[in-house]
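What follows is the content of coords.cif, which has mmCIF, C-alpha atoms and all ligand atoms:
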data_work
#
loop_
_atom_site.label_atom_id
_atom_site.label_comp_id
_atom_site.auth_asym_id
_atom_site.auth_seq_id
_atom_site.Cartn_x
_atom_site.Cartn_y
_atom_site.Cartn_z
CA MET L 11 80.94 111.47 65.41
CA LYS L 12 81.38 108.96 68.26
CA LYS L 13 84.46 106.71 68.38
CA GLU L 14 86.31 104.80 71.09
CA VAL L 15 89.67 106.42 70.30
CA ILE L 16 90.61 109.85 68.91
CA ILE L 17 94.14 109.95 67.51
CA ILE L 18 95.65 113.34 66.70
CA GLY L 19 98.71 113.25 64.40
CA ASN L 20 99.37 111.69 61.06
CA GLY L 21 102.98 110.45 61.39
CA ILE L 22 104.36 106.93 61.85
CA ALA L 23 103.18 106.69 65.49
CA GLY L 24 99.58 107.82 64.87
CA VAL L 25 99.11 105.88 61.65
CA THR L 26 100.64 102.68 63.07
CA LEU L 27 98.29 102.87 66.05
CA ALA L 28 95.33 103.43 63.71
CA VAL L 29 96.23 100.34 61.64
CA LEU L 30 96.61 98.21 64.80
CA LEU L 31 93.30 99.42 66.30
CA GLN L 32 91.52 98.72 63.02
CA ARG L 33 92.79 95.14 63.11
CA LYS L 34 91.44 94.76 66.66
CA GLY L 35 88.04 96.13 65.63
CA ILE L 36 88.35 99.15 67.94
CA SER L 37 86.69 102.23 66.43
CA PHE L 38 88.85 105.32 66.02
CA VAL L 39 89.20 108.56 64.14
CA LEU L 40 92.57 109.96 63.11
CA LEU L 41 92.46 113.76 63.11
CA HIS L 42 95.14 115.47 61.08
CA ARG L 43 95.98 118.86 59.71
CA GLU L 44 94.93 119.43 56.14
CA GLU L 45 97.55 117.99 53.78
CA GLU L 46 100.56 120.16 53.35
CA LYS L 47 103.14 119.69 50.60
CA VAL L 48 105.24 116.50 50.46
CA PRO L 49 107.51 116.77 53.51
CA PHE L 50 111.29 117.07 53.23
CA ALA L 51 112.69 113.51 53.17
CA LEU L 52 114.96 112.83 56.14
CA GLY L 53 115.80 109.36 54.86
CA GLU L 54 115.56 107.79 58.29
CA THR L 55 117.39 104.52 58.83
CA LEU L 56 115.83 101.61 60.66
CA PRO L 57 118.42 99.36 62.32
CA PRO L 58 118.28 95.54 61.95
CA SER L 59 116.96 95.35 65.53
CA ALA L 60 113.70 96.99 64.34
CA MET L 61 112.92 94.24 61.82
CA PRO L 62 111.53 91.66 64.31
CA LEU L 63 109.11 94.29 65.68
CA LEU L 64 107.86 95.06 62.17
CA GLU L 65 107.55 91.36 61.44
CA GLU L 66 105.60 90.75 64.67
CA LEU L 67 103.20 93.56 63.70
CA LYS L 68 102.88 92.21 60.15
CA LEU L 69 104.21 95.47 58.77
CA LEU L 70 107.63 94.30 57.57
CA SER L 71 106.70 93.69 53.93
CA LEU L 72 104.93 97.07 53.71
CA PHE L 73 108.04 98.83 55.06
CA GLU L 74 110.37 96.82 52.81
CA GLU L 75 108.32 97.41 49.66
CA ASN L 76 108.27 101.17 50.23
CA ALA L 77 111.84 101.65 51.49
CA TYR L 78 114.50 103.38 49.42
CA ARG L 79 116.70 100.35 49.96
CA LYS L 80 118.12 97.87 52.45
CA THR L 81 121.20 98.88 54.46
CA TYR L 82 123.91 96.37 55.36
CA GLY L 83 126.09 98.45 57.65
CA TYR L 84 127.63 101.86 58.11
CA HIS L 85 130.97 103.58 58.64
CA SER L 86 131.76 105.93 61.46
CA MET L 87 134.65 108.09 62.55
CA TRP L 88 133.83 108.77 66.15
CA GLY L 89 136.31 109.00 69.03
CA SER L 90 139.38 108.58 66.79
CA PRO L 91 140.47 109.40 63.23
CA GLN L 92 140.03 105.73 62.28
CA VAL L 93 137.02 104.62 60.25
CA THR L 94 135.00 101.89 61.94
CA ASP L 95 133.11 99.49 59.72
CA ILE L 96 129.88 98.31 61.37
CA ASN L 97 128.69 95.38 59.30
CA PHE L 98 125.18 94.01 59.91
CA TYR L 99 126.31 90.62 58.65
CA HIS L 100 126.76 89.52 62.27
CA GLN L 101 123.30 90.70 63.39
CA ASN L 102 120.55 88.18 64.02
CA PRO L 103 117.97 87.31 62.87
CA TYR L 104 118.00 90.16 60.29
CA LYS L 105 121.24 91.09 58.58
CA ASN L 106 119.95 94.34 57.17
CA GLY L 107 118.25 97.55 58.18
CA LEU L 108 116.11 99.81 55.97
CA LYS L 109 116.53 103.30 54.60
CA ILE L 110 112.88 104.24 54.72
CA ASN L 111 110.91 106.42 52.38
CA LYS L 112 108.69 107.75 55.15
CA HIS L 113 106.26 109.64 52.94
CA GLN L 114 105.61 106.67 50.64
CA THR L 115 105.38 104.21 53.54
CA LEU L 116 102.93 106.49 55.36
CA GLU L 117 100.77 106.93 52.27
CA LYS L 118 100.47 103.13 51.91
CA MET L 119 99.54 102.79 55.59
CA ARG L 120 97.07 105.68 55.35
CA ASP L 121 95.38 103.89 52.43
CA LEU L 122 94.41 101.18 54.94
CA ILE L 123 92.64 103.59 57.27
CA ARG L 124 91.63 106.51 55.04
CA ASP L 125 87.91 106.09 55.76
CA ASN L 126 88.64 106.98 59.38
CA MET L 127 90.82 110.02 58.74
CA VAL L 128 89.40 113.52 59.22
CA SER L 129 91.30 116.68 58.34
CA TYR L 130 91.08 120.17 59.78
CA CYS L 131 92.85 123.41 59.02
CA LYS L 132 92.28 125.78 61.93
CA GLY L 133 93.42 123.85 64.97
CA PHE L 134 91.46 121.92 67.56
CA GLU L 135 90.06 122.25 71.07
CA ILE L 136 89.66 119.58 73.73
CA ILE L 137 86.64 119.50 76.03
CA HIS L 138 86.49 117.00 78.87
CA GLU L 139 82.98 115.84 79.65
CA ALA L 140 81.87 115.03 83.18
CA HIS L 141 81.41 111.28 82.55
CA GLY L 142 85.01 110.80 81.34
CA ASN L 143 84.48 111.20 77.61
CA THR L 144 86.49 113.65 75.60
CA VAL L 145 85.20 115.84 72.83
CA VAL L 146 87.54 117.26 70.24
CA LEU L 147 86.42 120.20 68.18
CA ALA L 148 88.38 120.14 64.95
CA LYS L 149 88.14 123.56 63.36
CA ASN L 150 87.64 124.22 59.68
CA GLU L 151 85.27 126.93 58.46
CA GLY L 152 82.88 125.30 60.94
CA PHE L 153 83.53 122.60 63.58
CA LYS L 154 83.82 118.85 63.25
CA ILE L 155 82.78 117.44 66.59
CA VAL L 156 84.29 114.12 67.60
CA GLN L 157 83.49 112.32 70.84
CA GLY L 158 85.73 109.54 72.16
CA LYS L 159 86.72 107.68 75.33
CA ILE L 160 90.48 107.82 74.75
CA LEU L 161 92.58 110.65 73.32
CA ILE L 162 96.00 110.05 71.72
CA ASP L 163 98.78 112.58 71.23
CA ALA L 164 100.75 111.47 68.16
CA THR L 165 101.73 114.98 67.06
CA GLY L 166 105.48 114.38 67.32
CA ARG L 167 107.75 116.98 68.86
CA ASN L 168 104.88 119.51 68.76
CA ARG L 169 103.11 117.64 71.61
CA ALA L 170 99.99 119.55 70.58
CA VAL L 171 97.60 117.56 72.79
CA LEU L 172 99.94 117.58 75.78
CA GLN L 173 100.29 121.34 75.44
CA LYS L 174 96.52 121.71 75.64
CA LEU L 175 96.49 119.39 78.67
CA LYS L 176 99.18 121.69 80.18
CA ILE L 177 101.69 118.84 80.49
CA GLU L 178 105.25 120.06 80.37
CA SER L 179 108.33 118.45 78.86
CA GLU L 180 111.69 117.58 80.35
CA ILE L 181 114.30 118.88 77.89
CA HIS L 182 117.72 117.20 78.04
CA ASP L 183 119.77 119.11 75.48
CA GLU L 184 119.57 121.63 72.67
CA LEU L 185 120.60 119.59 69.64
CA VAL L 186 119.53 121.00 66.29
CA ALA L 187 119.70 119.34 62.87
CA LEU L 188 120.33 120.95 59.48
CA SER L 189 119.74 118.66 56.51
CA CYS L 190 120.22 119.05 52.79
CA HIS L 191 119.79 116.90 49.71
CA ILE L 192 122.91 116.85 47.55
CA PRO L 193 123.98 114.89 44.48
CA LYS L 194 125.07 111.35 45.29
CA ILE L 195 128.76 110.52 44.99
CA GLU L 196 130.51 107.19 45.51
CA HIS L 197 133.36 107.55 48.00
CA SER L 198 136.44 105.53 47.14
CA LYS L 199 137.24 104.85 50.83
CA LEU L 200 133.72 103.91 52.02
CA THR L 201 131.76 100.83 50.99
CA HIS L 202 128.54 101.35 53.00
CA GLU L 203 126.22 104.14 51.96
CA VAL L 204 125.90 105.56 55.49
CA TYR L 205 128.78 107.52 57.05
CA VAL L 206 128.95 109.33 60.43
CA GLU L 207 131.78 111.69 61.43
CA SER L 208 132.22 113.83 64.52
CA PHE L 209 133.99 117.18 64.44
CA LYS L 210 134.79 119.92 66.95
CA GLU L 211 131.46 121.74 66.64
CA GLY L 212 129.16 118.70 66.37
CA TRP L 213 128.75 115.73 64.08
CA GLY L 214 127.40 114.89 60.66
CA ILE L 215 125.94 112.00 58.75
CA VAL L 216 125.72 111.46 55.02
CA SER L 217 123.78 108.65 53.42
CA ALA L 218 122.39 107.68 50.06
CA LEU L 219 118.71 108.52 49.70
CA ASN L 220 118.29 106.98 46.27
CA GLU L 221 120.31 106.41 43.10
CA THR L 222 120.97 110.11 42.51
CA GLU L 223 120.77 111.88 45.88
CA ASN L 224 122.54 111.86 49.21
CA ILE L 225 121.14 113.42 52.34
CA CYS L 226 123.60 115.13 54.65
CA THR L 227 122.63 116.25 58.15
CA ILE L 228 124.82 118.33 60.44
CA TYR L 229 124.10 118.43 64.17
CA THR L 230 125.20 121.10 66.61
CA HIS L 231 123.70 122.93 69.57
CA LYS L 232 121.26 125.81 69.52
CA GLY L 233 123.21 129.01 70.17
CA HIS L 234 126.54 127.57 68.99
CA GLU L 235 128.58 130.25 67.23
CA ILE L 236 128.89 128.06 64.14
CA LEU L 237 125.14 127.71 63.65
CA PRO L 238 124.65 130.83 61.47
CA LYS L 239 127.26 129.45 59.03
CA PHE L 240 125.46 126.11 58.84
CA LYS L 241 122.28 127.95 57.90
CA ASP L 242 123.92 128.64 54.54
CA VAL L 243 124.51 125.29 52.79
CA SER L 244 127.04 126.79 50.38
CA GLN L 245 129.37 127.36 53.38
CA TRP L 246 129.28 123.76 54.63
CA LYS L 247 132.22 122.61 52.52
CA SER L 248 134.52 125.36 53.78
CA VAL L 249 133.29 125.23 57.41
CA LEU L 250 133.83 121.47 57.42
CA SER L 251 137.09 121.57 55.45
CA GLU L 252 138.99 119.94 58.33
CA THR L 253 136.74 116.89 58.48
CA VAL L 254 138.30 113.73 57.08
CA TYR L 255 135.68 112.38 54.66
CA LEU L 256 132.53 114.41 55.37
CA LYS L 257 133.81 117.37 53.33
CA ASP L 258 134.21 115.15 50.26
CA PHE L 259 130.45 114.77 49.96
CA LEU L 260 129.65 118.49 50.17
CA ILE L 261 129.13 121.01 47.40
CA GLU L 262 129.28 124.79 47.38
CA ASP L 263 125.91 125.19 45.71
CA THR L 264 123.11 127.17 47.38
CA ASN L 265 120.45 125.68 45.14
CA VAL L 266 119.80 122.56 47.25
CA LYS L 267 116.80 121.44 49.30
CA PHE L 268 117.45 122.38 52.92
CA LYS L 269 115.65 121.99 56.26
CA GLY L 270 116.52 122.69 59.87
CA GLY L 271 114.81 121.78 63.14
CA ASN L 272 115.11 120.46 66.68
CA ALA L 273 116.69 117.06 67.23
CA ASN L 274 117.07 117.18 70.99
CA SER L 275 116.22 114.54 73.59
CA SER L 276 113.11 115.26 75.60
CA VAL L 277 110.35 113.42 77.40
CA ALA L 278 106.85 114.45 78.42
CA LYS L 279 106.57 114.82 82.21
CA GLU L 280 103.46 112.62 81.98
CA ILE L 281 103.09 110.09 79.16
CA ALA L 282 99.72 108.63 80.13
CA GLY L 283 96.63 109.89 81.94
CA SER L 284 93.37 108.18 82.89
CA ASN L 285 91.97 108.60 79.36
CA TRP L 286 94.88 109.71 77.21
CA LEU L 287 98.27 108.47 75.99
CA ALA L 288 101.22 110.04 74.18
CA LEU L 289 103.05 108.08 71.47
CA GLY L 290 106.25 108.35 69.46
CA ASP L 291 108.09 111.67 69.63
CA ALA L 292 105.17 113.16 71.55
CA ALA L 293 105.97 110.77 74.40
CA MET L 294 109.76 110.93 74.14
CA SER L 295 112.00 112.19 71.41
CA PHE L 296 115.41 110.71 70.77
CA ASP L 297 118.66 112.07 69.39
CA PRO L 298 118.93 110.85 65.76
CA LEU L 299 122.35 109.41 66.68
CA SER L 300 120.38 106.60 68.28
CA SER L 301 118.56 105.74 64.99
CA HIS L 302 115.63 104.72 67.17
CA GLY L 303 112.99 107.43 66.61
CA ILE L 304 110.95 105.40 64.13
CA THR L 305 111.34 102.21 66.17
CA ASN L 306 110.13 104.15 69.20
CA ALA L 307 107.11 105.46 67.24
CA ILE L 308 106.18 101.91 66.15
CA TYR L 309 106.87 100.32 69.54
CA THR L 310 104.86 102.90 71.50
CA ALA L 311 101.98 102.51 69.00
CA SER L 312 102.07 98.75 69.45
CA LYS L 313 102.10 99.01 73.28
CA ALA L 314 99.35 101.64 73.13
CA SER L 315 97.13 99.34 71.06
CA GLU L 316 97.57 96.63 73.72
CA VAL L 317 96.72 98.87 76.68
CA ILE L 318 93.78 100.48 74.85
CA GLY L 319 92.41 96.96 74.24
CA LYS L 320 92.79 96.16 77.96
CA LYS L 321 91.13 99.37 79.04
CA LEU L 322 88.17 99.07 76.69
CA ASN L 323 87.62 95.31 76.84
CA ILE L 324 88.32 94.44 80.48
CA ALA L 325 88.20 97.89 82.12
CA ASP L 326 91.80 97.44 83.29
CA THR L 327 92.61 100.65 85.19
CA GLU L 328 96.29 99.77 85.62
CA ALA L 329 97.04 99.46 81.91
CA PHE L 330 97.56 103.17 81.15
CA PRO L 331 99.73 103.94 84.21
CA GLU L 332 101.85 100.86 83.38
CA TYR L 333 102.30 102.16 79.82
CA GLY L 334 103.55 105.47 81.25
CA GLU L 335 105.98 103.69 83.59
CA ILE L 336 107.41 101.45 80.85
CA MET L 337 108.07 104.45 78.62
CA LYS L 338 109.82 106.35 81.42
CA VAL L 339 112.14 103.38 82.05
CA ILE L 340 112.91 103.15 78.32
CA PHE L 341 113.73 106.85 78.23
CA GLN L 342 116.13 106.55 81.17
CA GLN L 343 117.92 103.62 79.49
CA TYR L 344 118.08 105.58 76.25
CA LEU L 345 119.58 108.64 78.00
CA GLN L 346 122.26 106.50 79.60
CA SER L 347 123.32 104.91 76.33
CA LYS L 348 123.16 108.22 74.44
CA ASN L 349 125.44 109.90 76.99
CA ASN L 350 127.84 106.92 76.87
CA LEU L 351 128.04 107.30 73.10
CA TYR L 352 128.86 111.01 73.24
CA GLN L 353 131.43 110.39 75.99
CA GLN L 354 133.30 108.06 73.62
CA GLU L 355 134.32 111.17 71.68
CA THR L 356 137.05 112.70 73.87
CA ARG L 357 139.09 114.57 71.24
CA TRP L 358 137.34 117.91 71.81
CA LYS L 359 136.29 117.51 75.47
CA ASP L 360 136.74 121.23 76.15
CA ALA L 361 135.00 122.49 73.03
CA ALA L 362 131.57 124.16 73.41
CA PHE L 363 129.62 121.34 71.75
CA TRP L 364 131.26 118.37 73.50
CA LYS L 365 131.99 119.68 77.00
CA ARG L 366 128.32 119.37 78.01
CA PHE L 367 128.66 115.59 77.87
CA PHE L 368 131.52 115.61 80.38
CA GLN L 369 130.06 117.92 83.06
C1 LIG L 401 117.24 115.09 61.13
C2 LIG L 401 116.57 113.88 61.71
C3 LIG L 401 117.04 112.61 61.36
C4 LIG L 401 116.42 111.48 61.88
N1 LIG L 401 116.92 110.25 61.56
C5 LIG L 401 116.34 109.16 62.06
C6 LIG L 401 116.84 107.86 61.72
O1 LIG L 401 117.80 107.70 60.96
N2 LIG L 401 116.19 106.77 62.25
C7 LIG L 401 115.11 106.90 63.07
O2 LIG L 401 114.55 105.88 63.50
N3 LIG L 401 114.62 108.11 63.41
C8 LIG L 401 115.21 109.23 62.93
N4 LIG L 401 114.71 110.45 63.26
C9 LIG L 401 113.55 110.54 64.16
C10 LIG L 401 112.23 110.21 63.46
O3 LIG L 401 112.06 111.00 62.30
C11 LIG L 401 111.06 110.49 64.43
O4 LIG L 401 111.37 109.94 65.68
C12 LIG L 401 109.74 109.91 63.97
O5 LIG L 401 109.39 110.38 62.69
C13 LIG L 401 108.66 110.25 64.97
O6 LIG L 401 107.40 109.84 64.48
P1 LIG L 401 106.09 110.43 65.14
O7 LIG L 401 104.94 109.85 64.38
O8 LIG L 401 106.13 110.26 66.61
O9 LIG L 401 106.18 112.00 64.90
P2 LIG L 401 106.17 112.82 63.54
O10 LIG L 401 106.83 112.08 62.44
O11 LIG L 401 106.70 114.17 63.88
O12 LIG L 401 104.63 112.94 63.17
C14 LIG L 401 103.78 113.80 63.88
C15 LIG L 401 102.61 114.14 63.00
O13 LIG L 401 101.74 115.01 63.73
C16 LIG L 401 101.41 116.11 62.93
N5 LIG L 401 101.14 117.25 63.80
C17 LIG L 401 101.98 118.06 64.44
N6 LIG L 401 101.32 119.01 65.10
C18 LIG L 401 99.99 118.78 64.90
C19 LIG L 401 98.81 119.42 65.32
N7 LIG L 401 98.84 120.53 66.07
N8 LIG L 401 97.63 118.89 64.92
C20 LIG L 401 97.60 117.79 64.13
N9 LIG L 401 98.68 117.16 63.69
C21 LIG L 401 99.86 117.65 64.07
C22 LIG L 401 102.62 116.34 62.01
O14 LIG L 401 102.23 117.03 60.84
C23 LIG L 401 103.00 114.90 61.71
O15 LIG L 401 102.28 114.37 60.64
C24 LIG L 401 115.30 111.61 62.75
C25 LIG L 401 114.82 112.87 63.09
C26 LIG L 401 115.47 114.00 62.58
C27 LIG L 401 114.93 115.36 62.96
#

Before we go any further, please render this structure as structure tokens.
Ligand SMILES: Cc1cc2nc3c(=O)[nH]c(=O)nc-3n(C[C@H](O)[C@H](O)[C@H](O)COP(=O)(O)OP(=O)(O)OC[C@H]3O[C@@H](n4cnc5c(N)ncnc54)[C@H](O)[C@@H]3O)c2cc1C
Amino acid sequence: MKKEVIIIGNGIAGVTLAVLLQRKGISFVLLHREEEKVPFALGETLPPSAMPLLEELKLLSLFEENAYRKTYGYHSMWGSPQVTDINFYHQNPYKNGLKINKHQTLEKMRDLIRDNMVSYCKGFEIIHEAHGNTVVLAKNEGFKIVQGKILIDATGRNRAVLQKLKIESEIHDELVALSCHIPKIEHSKLTHEVYVESFKEGWGIVSALNETENICTIYTHKGHEILPKFKDVSQWKSVLSETVYLKDFLIEDTNVKFKGGNANSSVAKEIAGSNWLALGDAAMSFDPLSSHGITNAIYTASKASEVIGKKLNIADTEAFPEYGEIMKVIFQQYLQSKNNLYQQETRWKDAAFWKRFFQ
């Protein structure tokens, strides 16, 4: 199989790029691991600032139609025991964000490009050919051999392509996330269905996933002494008994859907090469506090589609290095604002979780 672009990774970044390349008439194949079970829903929130990007890419209606719901603001208790009400009413031009149903949204987007998706189950190998082309061997019982001019890493935090290219990552912290789905309750003190609260050992967020379920995610650092307790959901209510409102949402039941994983900030040491690019979390992964992971996946895919067009159509050799530089600048700006946010919480400056932000 010969294509201009080989995309590896089936998440928002890879699929968005595939849709955009298809519109430009650039041939591609999207290689992905054989379908696993429906992934655990994280119920990611897209802020109002992401809506113009989706509109520009003509993806807004697809995202809206497949979202759990629109969001109009959130509450947070961060830096003081007062609840702040962040209302999107004052945002322009969109006065709402979206609580996305990532699986459903992705399935709709994949429907647009399914003819160009190829699955494999036993990994892949990359072979660089002398004249600049790349061959990917996707392994099943036999091999599927795909030749392309440009290779894309859209494998999220796994950075599977970058690992094979021996490109290292710069890791900025050790944040981990533990999420569970719990029955939805209405809180008498909170009007928005998204609530963030910091506590001595980390912070948590609870938000409505749908009419019957909330998702609650607790963040702390790898190695923190509290982590083993958070691995047992039935202990959350007692461990978080000193939180102001977070505890009200929790239940002591062990029979809930639960998932843990990395949520740290990191960036690939190289984001673009002469014939490859990294997108989304594979390029740079953000702390979920920023609510910008999905926006980053879509933005990097949109920029990648532009520079791939320039490289293939007008042999622009500067386009890929410029892509890499833009992403590095974005990551530096992100780091600055993330650290500023954490430094606004000064109540537990000397506690193990928070002191790292003040050193
Ligand atoms: C707990 C939590 C809460 C979050 N909340 C928010 C939020 O509210 N708002 C927000 O914007 N963002 C949020 N994020 C971040 C957001 O989920 C990610 O930034 C986003 O999904 C990244 O998309 P991606 O396509 O780059 O990577 P992914 O979604 O990770 O997709 C990568 C794809 O590559 C595949 N893959 C991996 N390895 C291989 C391999 N070896 N071969 C082939 N395929 C492979 C995976 O199966 C997957 O399909 C949150 C993240 C976490 C962990």

Which neighbours of Glu211 (chain L) fall inside 10 Å, counting only C-alpha atoms, when residues of the same chain fewer than 6 positions from it are skipped, and could you give them as a PDB file with C-alpha atoms, in the frame of the given file?
ATOM      1  CA  ILE L 228     124.820 118.330  60.440  1.00  0.00           C
ATOM      2  CA  TYR L 229     124.100 118.430  64.170  1.00  0.00           C
ATOM      3  CA  THR L 230     125.200 121.100  66.610  1.00  0.00           C
ATOM      4  CA  HIS L 231     123.700 122.930  69.570  1.00  0.00           C
ATOM      5  CA  HIS L 234     126.540 127.570  68.990  1.00  0.00           C
ATOM      6  CA  GLU L 235     128.580 130.250  67.230  1.00  0.00           C
ATOM      7  CA  ILE L 236     128.890 128.060  64.140  1.00  0.00           C
ATOM      8  CA  LEU L 237     125.140 127.710  63.650  1.00  0.00           C
ATOM      9  CA  LEU L 250     133.830 121.470  57.420  1.00  0.00           C
ATOM     10  CA  TRP L 358     137.340 117.910  71.810  1.00  0.00           C
ATOM     11  CA  ALA L 361     135.000 122.490  73.030  1.00  0.00           C
ATOM     12  CA  ALA L 362     131.570 124.160  73.410  1.00  0.00           C
ATOM     13  CA  PHE L 363     129.620 121.340  71.750  1.00  0.00           C
ATOM     14  CA  TRP L 364     131.260 118.370  73.500  1.00  0.00           C
TER      15      TRP L 364
END

Checklist entry - Using all atoms listed in the file, what are the residues with an atom within 6 Å of ligand LIG 401 (chain L), set out as a VMD selection string? => result chain L and resid 18 to 24 42 to 43 52 54 to 56 164 to 168 170 187 273 290 to 292 298 301 to 305 307

Item to check | Separation of CA of Tyr84 (chain L) from CA of Tyr205 (chain L) in Å | outcome: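 According to the coordinates, CA of Tyr205 (chain L) and CA of Tyr84 (chain L) are separated by 5.9 Å.
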
Checklist entry - Suppose you want the space between CA of His113 (chain L) and CA of Val243 (chain L); what is it in Å? => result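 The value is 24.0 Å.
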
Next on the checklist: At a cut-off of 7 Å, using only C-alpha atoms, what residues contact Gly89 (chain L)? Leave out same-chain residues fewer than 5 positions from it and give the result as a PyMOL selection string.
Outcome noted: chain L and resi 354-357

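Closest approach to Ser315 (chain L) among L:Phe330, L:Ala148, L:Trp246, L:Glu139 is made by L:Phe330 (distances from all atoms listed in the file).
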